[in-house]
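Okay, data-v9.cif is below, mmCIF, C-alpha atoms and all ligand atoms:
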```
data_entry
#
loop_
_atom_site.label_atom_id
_atom_site.label_comp_id
_atom_site.auth_asym_id
_atom_site.auth_seq_id
_atom_site.Cartn_x
_atom_site.Cartn_y
_atom_site.Cartn_z
CA MET K 9 -19.64 3.02 -1.17
CA ALA K 10 -18.26 4.57 2.03
CA LEU K 11 -15.08 6.67 1.70
CA GLU K 12 -13.32 4.26 4.08
CA GLU K 13 -13.95 1.39 1.62
CA VAL K 14 -12.84 3.41 -1.40
CA LEU K 15 -9.59 4.21 0.38
CA ASN K 16 -9.23 0.69 1.75
CA ILE K 17 -9.06 2.07 5.30
CA LYS K 18 -10.22 -0.50 7.81
CA SER K 19 -12.04 1.40 10.53
CA ASN K 20 -11.78 -1.45 13.03
CA GLU K 21 -7.99 -1.67 12.73
CA ARG K 22 -5.39 0.58 14.29
CA ARG K 23 -4.04 3.13 11.87
CA SER K 24 -0.25 2.84 11.65
CA VAL K 25 1.47 6.19 11.78
CA THR K 26 4.89 7.69 11.02
CA VAL K 27 5.73 11.15 12.35
CA LEU K 28 8.51 12.95 10.45
CA GLY K 29 9.67 15.72 12.79
CA SER K 30 8.03 14.32 15.94
CA THR K 31 10.21 16.46 18.26
CA GLY K 32 8.93 19.78 16.90
CA SER K 33 5.87 21.82 17.78
CA VAL K 34 3.49 20.05 15.35
CA GLY K 35 5.21 16.73 16.07
CA THR K 36 4.74 16.91 19.86
CA SER K 37 1.06 17.88 19.41
CA THR K 38 0.65 14.85 17.15
CA ILE K 39 2.23 12.57 19.78
CA ASP K 40 -0.02 14.15 22.42
CA LEU K 41 -3.13 13.22 20.40
CA ILE K 42 -1.85 9.69 19.75
CA LEU K 43 -1.25 9.15 23.48
CA ARG K 44 -4.74 10.41 24.29
CA SER K 45 -6.36 7.82 21.98
CA PRO K 46 -4.99 4.49 23.17
CA GLY K 47 -5.87 1.63 20.83
CA ARG K 48 -6.56 3.88 17.86
CA PHE K 49 -3.04 4.24 16.41
CA SER K 50 0.13 2.18 16.27
CA VAL K 51 3.35 4.09 15.72
CA ASP K 52 5.80 2.85 13.13
CA THR K 53 8.57 5.48 13.02
CA LEU K 54 9.43 8.80 14.68
CA THR K 55 12.15 11.17 13.47
CA GLY K 56 14.01 14.17 14.85
CA ASN K 57 17.01 16.26 13.82
CA SER K 58 19.17 16.49 16.94
CA ASN K 59 16.89 16.33 19.99
CA VAL K 60 17.85 12.80 21.07
CA ALA K 61 16.36 13.00 24.57
CA LEU K 62 12.87 13.94 23.41
CA LEU K 63 12.93 11.53 20.46
CA ALA K 64 13.87 8.61 22.73
CA GLU K 65 11.24 9.58 25.30
CA GLN K 66 8.52 9.77 22.64
CA ALA K 67 9.58 6.49 21.01
CA ILE K 68 9.29 4.70 24.36
CA GLN K 69 5.97 6.39 25.24
CA VAL K 70 4.26 5.38 21.98
CA ASN K 71 6.14 2.08 21.63
CA ALA K 72 7.48 2.97 18.18
CA LYS K 73 9.11 0.34 15.99
CA MET K 74 11.85 2.71 14.84
CA ALA K 75 13.46 6.05 15.77
CA VAL K 76 15.57 8.03 13.30
CA ILE K 77 17.82 10.99 14.07
CA ALA K 78 18.79 13.09 11.04
CA ASP K 79 22.07 14.29 12.57
CA GLU K 80 24.37 11.28 12.14
CA THR K 81 26.71 12.42 14.90
CA ARG K 82 23.88 11.77 17.41
CA TYR K 83 23.46 8.08 16.45
CA ASP K 84 25.42 6.71 19.44
CA ASP K 85 23.48 8.92 21.87
CA LEU K 86 20.14 7.73 20.49
CA LYS K 87 21.31 4.11 20.53
CA ALA K 88 22.31 4.51 24.19
CA ALA K 89 19.05 6.25 25.10
CA LEU K 90 17.05 3.38 23.60
CA SER K 91 19.23 0.51 24.81
CA GLY K 92 17.23 -2.21 26.50
CA THR K 93 14.21 -1.53 24.24
CA ASN K 94 13.54 -3.26 20.92
CA ILE K 95 13.15 0.04 19.07
CA TYR K 96 15.30 0.00 15.96
CA VAL K 97 17.63 3.01 15.72
CA SER K 98 18.94 4.68 12.58
CA ALA K 99 20.55 8.00 11.59
CA GLY K 100 21.24 10.29 8.64
CA ARG K 101 19.40 11.83 5.72
CA ASN K 102 18.97 8.54 3.86
CA ALA K 103 17.55 6.95 7.00
CA LEU K 104 14.85 9.67 7.01
CA ILE K 105 13.91 8.71 3.47
CA GLU K 106 13.87 5.02 4.42
CA ALA K 107 11.64 5.88 7.38
CA ALA K 108 9.16 7.55 5.03
CA SER K 109 9.21 4.55 2.69
CA ARG K 110 8.10 2.09 5.39
CA PRO K 111 4.52 0.91 4.86
CA SER K 112 2.62 2.91 7.50
CA ASP K 113 -0.95 4.00 6.62
CA TRP K 114 -0.46 7.64 7.52
CA VAL K 115 2.53 9.99 7.58
CA MET K 116 2.77 13.33 9.36
CA ALA K 117 5.12 15.62 7.37
CA SER K 118 6.21 18.03 10.10
CA ILE K 119 9.91 18.56 9.45
CA VAL K 120 10.56 22.30 9.10
CA GLY K 121 11.83 23.77 5.83
CA ALA K 122 13.05 22.32 2.54
CA ALA K 123 14.79 19.55 4.56
CA GLY K 124 11.34 17.93 4.70
CA LEU K 125 10.98 17.66 0.94
CA ALA K 126 12.80 14.37 0.20
CA PRO K 127 11.20 12.31 3.01
CA THR K 128 7.72 13.76 2.33
CA LEU K 129 8.10 12.98 -1.36
CA GLU K 130 9.09 9.42 -0.49
CA ALA K 131 5.85 8.97 1.49
CA VAL K 132 3.90 10.50 -1.40
CA ARG K 133 5.51 8.18 -3.94
CA ARG K 134 4.29 5.09 -2.12
CA GLY K 135 0.74 6.52 -2.16
CA ALA K 136 0.44 7.20 1.58
CA VAL K 137 -2.12 9.44 3.25
CA VAL K 138 0.09 12.39 4.22
CA GLY K 139 -0.81 14.96 6.86
CA LEU K 140 1.01 17.96 5.38
CA ALA K 141 2.33 20.53 7.85
CA ASN K 142 5.54 21.23 5.91
CA LYS K 143 4.36 24.02 3.60
CA GLU K 144 7.91 24.75 2.40
CA CYS K 145 7.98 21.57 0.31
CA LEU K 146 4.88 22.70 -1.62
CA VAL K 147 6.41 26.14 -2.10
CA SER K 148 9.85 24.97 -3.21
CA ALA K 149 8.75 22.03 -5.37
CA GLY K 150 5.18 23.17 -6.26
CA GLU K 151 3.91 21.67 -9.48
CA PHE K 152 6.55 18.94 -9.51
CA PHE K 153 5.43 17.81 -6.02
CA CYS K 154 1.74 17.89 -7.06
CA ARG K 155 2.44 15.81 -10.17
CA GLU K 156 4.05 13.16 -7.94
CA VAL K 157 1.00 13.21 -5.62
CA ALA K 158 -1.33 12.64 -8.59
CA ALA K 159 0.88 9.95 -10.17
CA ALA K 160 1.05 7.91 -6.95
CA ASN K 161 -2.60 8.52 -6.05
CA ALA K 162 -1.39 9.76 -2.68
CA ARG K 163 -3.61 11.97 -0.57
CA LEU K 164 -2.52 15.18 1.11
CA ILE K 165 -4.58 16.24 4.11
CA PRO K 166 -3.55 19.79 5.03
CA VAL K 167 -2.48 20.34 8.63
CA ASP K 168 -1.87 24.07 8.37
CA SER K 169 -4.91 25.47 10.20
CA GLU K 170 -6.03 27.70 7.31
CA HIS K 171 -5.77 24.96 4.73
CA SER K 172 -7.47 22.47 7.03
CA ALA K 173 -10.33 24.99 7.30
CA ILE K 174 -10.54 25.42 3.52
CA TYR K 175 -10.34 21.64 2.99
CA GLN K 176 -13.30 21.17 5.32
CA VAL K 177 -15.57 23.62 3.46
CA PHE K 178 -14.34 23.36 -0.17
CA ASP K 179 -16.72 21.62 -2.59
CA PHE K 180 -14.19 19.50 -4.49
CA GLU K 181 -16.98 18.08 -6.68
CA ARG K 182 -17.96 21.53 -7.96
CA PRO K 183 -14.77 23.63 -7.85
CA GLU K 184 -16.13 25.89 -10.61
CA ARG K 185 -18.77 27.06 -8.12
CA VAL K 186 -16.07 28.50 -5.84
CA GLU K 187 -15.51 32.20 -6.38
CA ARG K 188 -12.90 33.04 -3.73
CA ILE K 189 -10.76 31.57 -1.02
CA ILE K 190 -10.30 33.97 1.90
CA LEU K 191 -7.12 33.06 3.74
CA THR K 192 -7.14 34.58 7.21
CA ALA K 193 -3.99 35.84 8.94
CA SER K 194 -3.48 36.84 12.57
CA GLY K 195 -1.16 39.65 11.45
CA GLY K 196 1.56 38.37 13.81
CA PRO K 197 3.11 40.12 16.83
CA PHE K 198 3.96 43.34 14.94
CA ARG K 199 0.58 44.04 13.35
CA GLU K 200 0.25 47.39 15.10
CA ARG K 201 3.89 48.51 14.93
CA THR K 202 4.98 51.37 12.71
CA LEU K 203 7.58 50.70 10.03
CA ASP K 204 10.38 52.65 11.77
CA THR K 205 10.00 50.62 15.00
CA LEU K 206 10.25 47.32 13.10
CA GLN K 207 13.94 47.86 12.32
CA ASP K 208 15.03 47.04 15.88
CA VAL K 209 12.80 44.11 16.82
CA THR K 210 14.61 41.16 18.43
CA PRO K 211 14.27 37.43 17.70
CA ALA K 212 12.59 36.94 21.11
CA GLN K 213 9.93 39.54 20.23
CA ALA K 214 9.39 38.03 16.78
CA VAL K 215 9.01 34.49 18.12
CA ALA K 216 6.39 35.50 20.72
CA HIS K 217 3.27 34.98 18.62
CA PRO K 218 0.08 36.43 20.16
CA ASN K 219 -2.20 33.44 19.39
CA TRP K 220 -0.23 30.36 18.37
CA ASP K 221 2.62 28.47 20.05
CA MET K 222 4.86 27.35 17.18
CA GLY K 223 8.46 26.56 16.19
CA ALA K 224 10.94 29.44 15.79
CA LYS K 225 11.07 29.53 11.98
CA ILE K 226 7.32 29.69 11.37
CA SER K 227 6.96 32.21 14.21
CA VAL K 228 9.41 34.58 12.47
CA ASP K 229 7.57 33.91 9.18
CA SER K 230 4.35 34.96 10.93
CA ALA K 231 5.99 38.16 12.18
CA THR K 232 7.13 39.13 8.64
CA MET K 233 3.87 37.72 7.20
CA MET K 234 6.01 35.56 4.90
CA ASN K 235 4.08 32.70 6.49
CA LYS K 236 0.88 34.00 4.89
CA GLY K 237 2.70 34.37 1.59
CA LEU K 238 3.93 30.77 1.78
CA GLU K 239 0.38 29.73 2.69
CA PHE K 240 -0.95 31.62 -0.34
CA ILE K 241 1.30 29.48 -2.58
CA GLU K 242 0.35 26.39 -0.54
CA ALA K 243 -3.38 27.12 -1.08
CA TYR K 244 -2.80 27.63 -4.81
CA HIS K 245 -1.34 24.12 -5.07
CA LEU K 246 -3.79 22.38 -2.73
CA PHE K 247 -7.05 23.72 -4.17
CA PRO K 248 -8.28 23.94 -7.79
CA VAL K 249 -8.47 27.75 -8.05
CA ASN K 250 -6.31 30.36 -9.76
CA SER K 251 -4.07 32.73 -7.81
CA GLU K 252 -6.40 35.72 -8.34
CA GLN K 253 -9.12 33.85 -6.47
CA ILE K 254 -7.07 33.72 -3.25
CA GLU K 255 -7.31 36.73 -0.95
CA ILE K 256 -5.61 37.41 2.36
CA LEU K 257 -7.56 38.99 5.22
CA VAL K 258 -6.07 39.93 8.59
CA HIS K 259 -8.22 38.62 11.46
CA PRO K 260 -6.29 39.16 14.71
CA GLN K 261 -8.39 36.85 16.93
CA SER K 262 -7.55 33.68 14.87
CA VAL K 263 -11.05 32.27 15.38
CA ILE K 264 -12.10 31.97 11.74
CA HIS K 265 -9.36 29.81 10.26
CA SER K 266 -10.27 30.61 6.62
CA MET K 267 -13.30 30.82 4.34
CA VAL K 268 -14.58 29.80 0.93
CA GLU K 269 -17.01 31.98 -1.02
CA TYR K 270 -19.32 30.45 -3.62
CA VAL K 271 -20.96 31.93 -6.75
CA ASP K 272 -24.25 32.44 -4.89
CA SER K 273 -22.34 34.68 -2.42
CA SER K 274 -22.53 32.11 0.41
CA VAL K 275 -19.38 32.13 2.52
CA LEU K 276 -18.50 28.94 4.42
CA ALA K 277 -15.98 29.10 7.26
CA GLN K 278 -14.39 26.77 9.80
CA LEU K 279 -13.93 28.20 13.30
CA GLY K 280 -12.20 27.08 16.45
CA THR K 281 -9.88 28.13 19.25
CA PRO K 282 -6.26 28.54 18.08
CA ASP K 283 -4.92 25.09 19.00
CA MET K 284 -3.00 23.12 16.37
CA ARG K 285 -4.33 19.89 17.84
CA THR K 286 -7.66 20.58 16.08
CA PRO K 287 -6.33 20.57 12.49
CA ILE K 288 -3.81 17.84 13.37
CA ALA K 289 -6.66 15.67 14.72
CA TYR K 290 -8.69 16.34 11.57
CA ALA K 291 -5.81 15.00 9.44
CA LEU K 292 -4.93 12.16 11.83
CA ALA K 293 -8.47 10.77 11.95
CA TRP K 294 -9.51 11.66 8.39
CA PRO K 295 -12.01 10.72 6.99
CA ASP K 296 -13.35 10.13 10.51
CA ARG K 297 -13.07 12.64 13.38
CA MET K 298 -11.55 12.20 16.81
CA GLU K 299 -11.85 13.94 20.16
CA THR K 300 -9.32 16.59 21.19
CA PRO K 301 -8.68 18.36 24.49
CA SER K 302 -8.67 21.73 22.66
CA SER K 303 -10.72 24.29 24.54
CA ARG K 304 -14.16 24.84 23.05
CA LEU K 305 -15.03 28.04 21.25
CA LYS K 306 -17.09 30.42 23.35
CA LEU K 307 -18.05 33.23 21.01
CA GLU K 308 -20.01 34.95 23.78
CA ASP K 309 -16.69 35.42 25.63
CA ILE K 310 -14.77 36.57 22.55
CA GLN K 311 -17.64 38.87 21.52
CA ILE K 312 -15.81 40.80 18.83
CA LEU K 313 -14.18 39.48 15.66
CA THR K 314 -12.32 42.06 13.59
CA PHE K 315 -10.88 42.11 10.07
CA GLU K 316 -8.51 44.37 8.14
CA ALA K 317 -6.54 44.33 4.89
CA PRO K 318 -2.81 43.44 5.19
CA ASP K 319 -0.44 46.41 4.93
CA PRO K 320 1.87 45.89 1.90
CA GLU K 321 4.34 48.55 3.03
CA ARG K 322 5.21 47.04 6.42
CA PHE K 323 4.79 43.46 5.23
CA PRO K 324 6.21 43.20 1.68
CA ALA K 325 6.49 39.40 1.94
CA ILE K 326 2.96 38.89 0.63
CA ARG K 327 3.74 40.86 -2.54
CA LEU K 328 6.97 38.86 -3.01
CA THR K 329 5.12 35.55 -2.86
CA ARG K 330 2.51 36.72 -5.37
CA GLU K 331 5.33 37.78 -7.68
CA ALA K 332 7.13 34.45 -7.23
CA LEU K 333 3.98 32.49 -8.07
CA ASN K 334 3.28 34.66 -11.14
CA ILE K 335 6.85 34.25 -12.41
CA GLY K 336 6.56 30.50 -11.75
CA GLY K 337 9.23 27.85 -12.46
CA THR K 338 12.09 28.19 -9.99
CA ALA K 339 11.01 31.58 -8.53
CA PRO K 340 9.10 30.12 -5.52
CA THR K 341 12.03 27.74 -4.85
CA VAL K 342 14.38 30.73 -4.73
CA LEU K 343 12.01 32.69 -2.51
CA ASN K 344 11.72 29.82 -0.04
CA ALA K 345 15.45 29.10 0.16
CA ALA K 346 16.37 32.79 0.54
CA ASN K 347 13.76 33.17 3.27
CA GLU K 348 15.10 30.14 5.18
CA ILE K 349 18.62 31.62 5.12
CA ALA K 350 17.43 35.11 6.09
CA VAL K 351 15.29 33.80 8.98
CA GLU K 352 18.20 31.71 10.28
CA LEU K 353 20.47 34.79 10.19
CA PHE K 354 17.83 36.91 11.92
CA LEU K 355 17.40 34.27 14.65
CA THR K 356 21.15 34.32 15.27
CA GLU K 357 21.14 38.14 15.33
CA LYS K 358 23.17 38.57 12.14
CA LEU K 359 20.43 40.23 10.11
CA SER K 360 17.82 42.81 11.03
CA PHE K 361 14.11 42.03 10.85
CA LEU K 362 13.34 44.32 7.90
CA ASN K 363 16.29 42.97 5.94
CA ILE K 364 14.70 39.50 5.81
CA ALA K 365 12.38 40.66 3.00
CA HIS K 366 15.21 42.63 1.33
CA VAL K 367 17.40 39.52 1.17
CA VAL K 368 14.52 37.52 -0.33
CA GLU K 369 13.73 40.21 -2.92
CA GLU K 370 17.35 40.73 -3.98
CA THR K 371 17.95 36.99 -4.26
CA MET K 372 14.88 36.67 -6.49
CA GLN K 373 16.15 39.54 -8.67
CA GLN K 374 19.59 37.99 -9.00
CA ILE K 375 18.58 34.46 -10.02
CA PRO K 376 16.82 34.20 -13.39
CA ARG K 377 13.77 31.98 -13.71
CA SER K 378 14.21 28.48 -15.11
CA ASN K 379 11.96 25.41 -15.25
CA LEU K 380 11.66 22.76 -12.56
CA GLY K 381 11.68 19.33 -14.16
CA SER K 382 12.98 17.06 -11.42
CA LEU K 383 13.88 16.86 -7.77
CA ASP K 384 17.52 17.44 -8.76
CA ASP K 385 16.49 20.76 -10.33
CA VAL K 386 14.82 21.74 -7.04
CA TYR K 387 17.94 20.89 -5.03
CA ALA K 388 20.28 22.63 -7.47
CA ILE K 389 18.32 25.88 -7.41
CA ASP K 390 17.71 25.64 -3.66
CA THR K 391 21.48 25.33 -3.06
CA GLU K 392 22.27 28.18 -5.45
CA ALA K 393 19.63 30.45 -3.87
CA ARG K 394 21.00 29.74 -0.36
CA ARG K 395 24.50 30.70 -1.54
CA VAL K 396 23.33 33.93 -3.20
CA ALA K 397 21.09 34.84 -0.23
CA ALA K 398 23.99 34.37 2.21
CA GLU K 399 26.17 36.64 0.04
CA ILE K 400 23.49 39.33 -0.09
CA ALA K 401 22.83 39.02 3.65
CA ALA K 402 26.56 39.46 4.35
CA LYS K 403 26.28 42.97 2.88
CA HIS K 404 23.52 43.76 5.38
CA THR K 405 25.21 42.09 8.38
CA LEU K 406 24.51 43.77 11.71
P1 LIG J 501 9.78 22.97 14.81
O1 LIG J 501 10.99 23.78 14.57
O2 LIG J 501 9.11 23.07 16.14
O3 LIG J 501 10.12 21.41 14.56
C1 LIG J 501 10.78 21.00 13.41
C2 LIG J 501 10.97 19.50 13.39
O4 LIG J 501 11.79 19.17 12.26
C3 LIG J 501 11.71 18.95 14.60
O5 LIG J 501 11.31 17.61 14.80
C4 LIG J 501 13.17 19.04 14.17
O6 LIG J 501 14.03 18.17 14.92
C5 LIG J 501 13.02 18.58 12.72
N1 LIG J 501 14.11 19.09 11.86
C6 LIG J 501 14.60 20.35 11.82
N2 LIG J 501 15.57 20.44 10.88
C7 LIG J 501 15.68 19.21 10.33
C8 LIG J 501 16.52 18.66 9.30
N3 LIG J 501 17.45 19.40 8.68
N4 LIG J 501 16.37 17.36 8.98
C9 LIG J 501 15.44 16.60 9.61
N5 LIG J 501 14.61 17.06 10.57
C10 LIG J 501 14.72 18.36 10.92
O7 LIG J 501 8.76 23.31 13.64
P2 LIG J 501 7.15 23.35 13.67
O8 LIG J 501 6.63 22.10 14.27
O9 LIG J 501 6.71 24.66 14.16
O10 LIG J 501 6.85 23.34 12.11
C11 LIG J 501 6.99 22.19 11.31
C12 LIG J 501 6.38 22.46 9.95
O11 LIG J 501 4.98 22.65 10.12
C13 LIG J 501 6.89 23.74 9.28
O12 LIG J 501 6.98 23.52 7.91
C14 LIG J 501 5.83 24.78 9.59
O13 LIG J 501 5.75 25.78 8.60
C15 LIG J 501 4.57 23.91 9.59
N6 LIG J 501 3.49 24.43 10.42
C16 LIG J 501 3.68 24.56 11.78
C17 LIG J 501 2.68 25.06 12.59
C18 LIG J 501 2.85 25.17 14.07
O14 LIG J 501 1.89 25.47 14.78
N7 LIG J 501 4.03 24.94 14.62
C19 LIG J 501 1.39 25.48 12.01
C20 LIG J 501 1.29 25.24 10.60
C21 LIG J 501 2.31 24.73 9.84
P3 LIG J 501 14.75 18.69 16.30
O15 LIG J 501 13.62 18.93 17.28
O16 LIG J 501 15.60 17.54 16.70
O17 LIG J 501 15.48 19.93 15.95
MG MG J 502 -1.12 28.52 9.13
#
```

Go through the file and emit its structure as structure tokens.
Ligand code: NDP
Ligand code: MG
Amino acid sequence: MALEEVLNIKSNERRSVTVLGSTGSVGTSTIDLILRSPGRFSVDTLTGNSNVALLAEQAIQVNAKMAVIADETRYDDLKAALSGTNIYVSAGRNALIEAASRPSDWVMASIVGAAGLAPTLEAVRRGAVVGLANKECLVSAGEFFCREVAAANARLIPVDSEHSAIYQVFDFERPERVERIILTASGGPFRERTLDTLQDVTPAQAVAHPNWDMGAKISVDSATMMNKGLEFIEAYHLFPVNSEQIEILVHPQSVIHSMVEYVDSSVLAQLGTPDMRTPIAYALAWPDRMETPSSRLKLEDIQILTFEAPDPERFPAIRLTREALNIGGTAPTVLNAANEIAVELFLTEKLSFLNIAHVVEETMQQIPRSNLGSLDDVYAIDTEARRVAAEIAAKHTL
């Protein structure tokens, strides 16, 4: 039986789509692909946090049924921007969850940070196919989130480029034949900087990623390499391997998006130019494929691909994520929340770049491990970790 039949996906019908976080970097690329494939998708709901103008423009362009703004104070603005259309308007955190519960076939989870957890979980609980960009929800809710995916028979299609690569070459029928996952990392904008020059880097320098055009938070995470640490935890939850089987390899050209090594020493990789529309299209069309305008890979022009081990001294974030995963329970939740606070303070010039990792480490040391049984446990520990991280950061204030 074809996969489409097993999944009850009707290939001759439009796939209905909800985009959580449509106004962000991943969200706008998703809308771009939808607009380039007229007749293939129908859009149910789009959501944003505060960017009313872009949300309204997108909702009109794709003829969405509903537009939701998370910031309730922007409801009147959104209502005014969409007056004269029949797009239903709603606002607030509960409205985001309602948006995710509507019966679209496919949901893009591209809200940034732990704020994406509740709506993504709602889509999971109704058994949707979820394109997962929001790695923070897998880090902060880990095993609990995965249990919900299994219980609802939902399907996560990774959107993160590395995990999309692994997904495309991983033999899920014979996972015991996989020896290693090799997660590639660009190394970020500060790969060649010495430790003493990292103290003074500015938010603008950290956000200027050499290969990828992304939102501010993930760009800072790439500069500290916390992004690769979060992706290490993400890979652990998405693929049936143990944490020792996942290795990180710096590959500055971002051409090989990750690799899987098998017991016979074969290594399978997925390659492409660094354009998020490729992994987004893979998830959007899955199990089919769709065309993208991404520029084609010309290896004869690139000529040289290089690789190096990550430097644990300049980039301690990778060690911290390994520790958090080994400790388990609430430790990754604490790590994620502390990192979100520290990145926010760095972006507003209240914390230095190198102190981001210090705040995360000290917060992890201060909050003892406990078990995660429910979503309430996740929220309680997330709130506590944000409070402790802010206190610690205040001691390091610039
Ligand atoms: P952006 O910051 O560009 O966009 C974030 C989106 O989430 C926006 O739509 C924003 O709305 C919305 N949002 C922000 N805060 C809230 C909140 N509190 N409640 C509801 N909605 C909120 O992020 P990216 O697109 O870069 O990243 C999104 C996710 O995808 C992240 O988890 C990131 O790690 C992951 N990812 C991103 C990649 C990339 O290339 N950008 C690559 C791989 C993974 P508004 O615009 O109104 O503020
Ligand atoms: Mg990535």

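Considering all atoms listed in the file, every residue of the polymer chains approaching ligand MG 502 (chain J) to 7 Å or closer is listed here: Asp168, Ser169, Glu170 and Glu239 of chain K.
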
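Residues in contact with ligand LIG 501 (chain J) (atom pairs separated by at most 6 Å; only C-alpha atoms and all ligand atoms) are K:Gly29, K:Ser30, K:Thr31, K:Gly32, K:Ser33, K:Val34, K:Gly35, K:Gly56, K:Asn57, K:Ser58, K:Asn59, K:Ala78, K:Ser118, K:Ile119, K:Val120, K:Gly121, K:Ala123, K:Ala141, K:Asn142, K:Lys143, K:Glu144, K:Asp168, K:Met222, K:Gly223, K:Ala224, K:Ile226, K:Met284.
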
Counting only C-alpha atoms, the option among K:Leu355, K:Leu129, K:Ala61, K:Val115 closest to Arg82 in chain K |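 Among K:Leu355, K:Leu129, K:Ala61, K:Val115, it is K:Ala61 that comes nearest to Arg82 in chain K.
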
Name all residues at most 7 Å from Pro166 in chain K (count all atoms listed in the file; drop same-chain ones fewer than 4 positions away) and give them as JSON, numbers by chain.
-> {"K": [139, 140, 141, 171, 172, 291]}

Using the selection just defined, write its residues with C-alpha atoms as a PDB file, in the coordinates of the input.
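This is the output file selection-v2.pdb:
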```pdb
ATOM      1  CA  GLY K 139      -0.810  14.960   6.860  1.00  0.00           C
ATOM      2  CA  LEU K 140       1.010  17.960   5.380  1.00  0.00           C
ATOM      3  CA  ALA K 141       2.330  20.530   7.850  1.00  0.00           C
ATOM      4  CA  HIS K 171      -5.770  24.960   4.730  1.00  0.00           C
ATOM      5  CA  SER K 172      -7.470  22.470   7.030  1.00  0.00           C
ATOM      6  CA  ALA K 291      -5.810  15.000   9.440  1.00  0.00           C
TER       7      ALA K 291
END
```

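Closest to Arg133 in chain K among K:Ser109, K:Ser274, K:Ser91, K:Thr205 is K:Ser109, based on all atoms listed in the file.
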
Pick from K:Glu106, K:Asp208, K:Glu184, K:Glu21, whichever lies nearest to Asn250 in chain K using all atoms listed in the file =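 Distance minimum relative to Asn250 in chain K lands on K:Glu184.
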
When distances are computed from all atoms listed in the file, which of K:Ala173, K:Ala397, K:Leu43, K:Leu305 shows the smallest separation from Ile349 in chain K?
->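 Nearest candidate to Ile349 in chain K out of K:Ala173, K:Ala397, K:Leu43, K:Leu305: K:Ala397.
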
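Nearest residue to Glu80 in chain K, choosing from K:Arg101, K:Lys306, K:Arg188, K:Arg297 and counting all atoms listed in the file: K:Arg101.
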
Using only C-alpha atoms, pick whichever of K:Ala126, K:Ala332, K:Val167, K:Leu90 has the shortest atom-to-atom distance to Gln66 in chain K.
->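 Checking each of K:Ala126, K:Ala332, K:Val167, K:Leu90 against Gln66 in chain K, counting only C-alpha atoms, the winner is K:Leu90.
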
Skipping near chain neighbours, those fewer than 6 positions away, what residues fall within 9 Å of Leu333 in chain K using all atoms listed in the file, listed as JSON, numbers by chain?
-> {"K": [241, 244, 251, 339, 340]}

Can you pull out every residue within 10 Å of Leu307 in chain K, counting only C-alpha atoms, but drop anything in the same chain fewer than 6 positions away, and send it as an NGL selection string?
-> :K and (263 or 280-281 or 313)

Atom-to-atom span, CA of Cys145 in chain K and CA of Glu242 in chain K, Å =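 Spanning CA of Cys145 in chain K to CA of Glu242 in chain K is a straight-line distance of 9.1 Å.
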
For the point (10.8, 39.2, 9.3) in file coordinates, what residues are within 8 Å, counting all atoms listed in the file? Give the answer as a ChimeraX atom specification?
-> /K:214,228-234,351,354,361-365

Would you list the residues near (-8.0, 4.6, 19.1), meaning any protein, DNA or RNA residue with an atom at most 9 Å from that point in file coordinates, counting all atoms listed in the file, as an mmCIF file with C-alpha atoms, keeping the file's coordinate frame?
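Dumped to out.cif:
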```
data_model
loop_
_atom_site.group_PDB
_atom_site.id
_atom_site.type_symbol
_atom_site.label_atom_id
_atom_site.label_comp_id
_atom_site.auth_asym_id
_atom_site.auth_seq_id
_atom_site.Cartn_x
_atom_site.Cartn_y
_atom_site.Cartn_z
ATOM 1 C CA GLU K 21 -7.990 -1.670 12.730
ATOM 2 C CA ARG K 22 -5.390 0.580 14.290
ATOM 3 C CA ARG K 23 -4.040 3.130 11.870
ATOM 4 C CA ILE K 42 -1.850 9.690 19.750
ATOM 5 C CA ARG K 44 -4.740 10.410 24.290
ATOM 6 C CA SER K 45 -6.360 7.820 21.980
ATOM 7 C CA PRO K 46 -4.990 4.490 23.170
ATOM 8 C CA GLY K 47 -5.870 1.630 20.830
ATOM 9 C CA ARG K 48 -6.560 3.880 17.860
ATOM 10 C CA PHE K 49 -3.040 4.240 16.410
ATOM 11 C CA SER K 50 0.130 2.180 16.270
ATOM 12 C CA MET K 298 -11.550 12.200 16.810
#
```

Would you kindly return, as a PyMOL selection string, each protein, DNA or RNA residue with an atom no farther than 7 Å from any atom of Val186 in chain K, considering only C-alpha atoms and excluding same-chain residues fewer than 4 positions away?
-> chain K and resi 269-271

Rows by chain and residue number, range 177-207 of chain K within 12 Å of range 318-323 of chain K, shortest pair, all atoms listed in the file, as a tab-separated table:
```
residue	atom	partner	partner_atom	distance
K:Leu191	CA	K:Pro318	CA	11.3
K:Thr192	CA	K:Pro318	CA	10.1
K:Ala193	CA	K:Pro318	CA	8.6
K:Ser194	CA	K:Pro318	CA	9.9
K:Gly195	CA	K:Pro318	CA	7.5
K:Gly196	CA	K:Phe323	CA	10.5
K:Phe198	CA	K:Arg322	CA	9.4
K:Arg199	CA	K:Asp319	CA	8.8
K:Glu200	CA	K:Arg322	CA	10.0
K:Arg201	CA	K:Arg322	CA	8.7
K:Thr202	CA	K:Arg322	CA	7.6
K:Leu203	CA	K:Arg322	CA	5.7
K:Asp204	CA	K:Arg322	CA	9.3
K:Thr205	CA	K:Arg322	CA	10.5
K:Leu206	CA	K:Arg322	CA	8.4
K:Gln207	CA	K:Arg322	CA	10.6
```

Rounded to one decimal in Å, what is the spacing between CA of Tyr387 in chain K and CA of Glu130 in chain K?
->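 Computed distance, CA of Tyr387 in chain K to CA of Glu130 in chain K, equals 15.2 Å.
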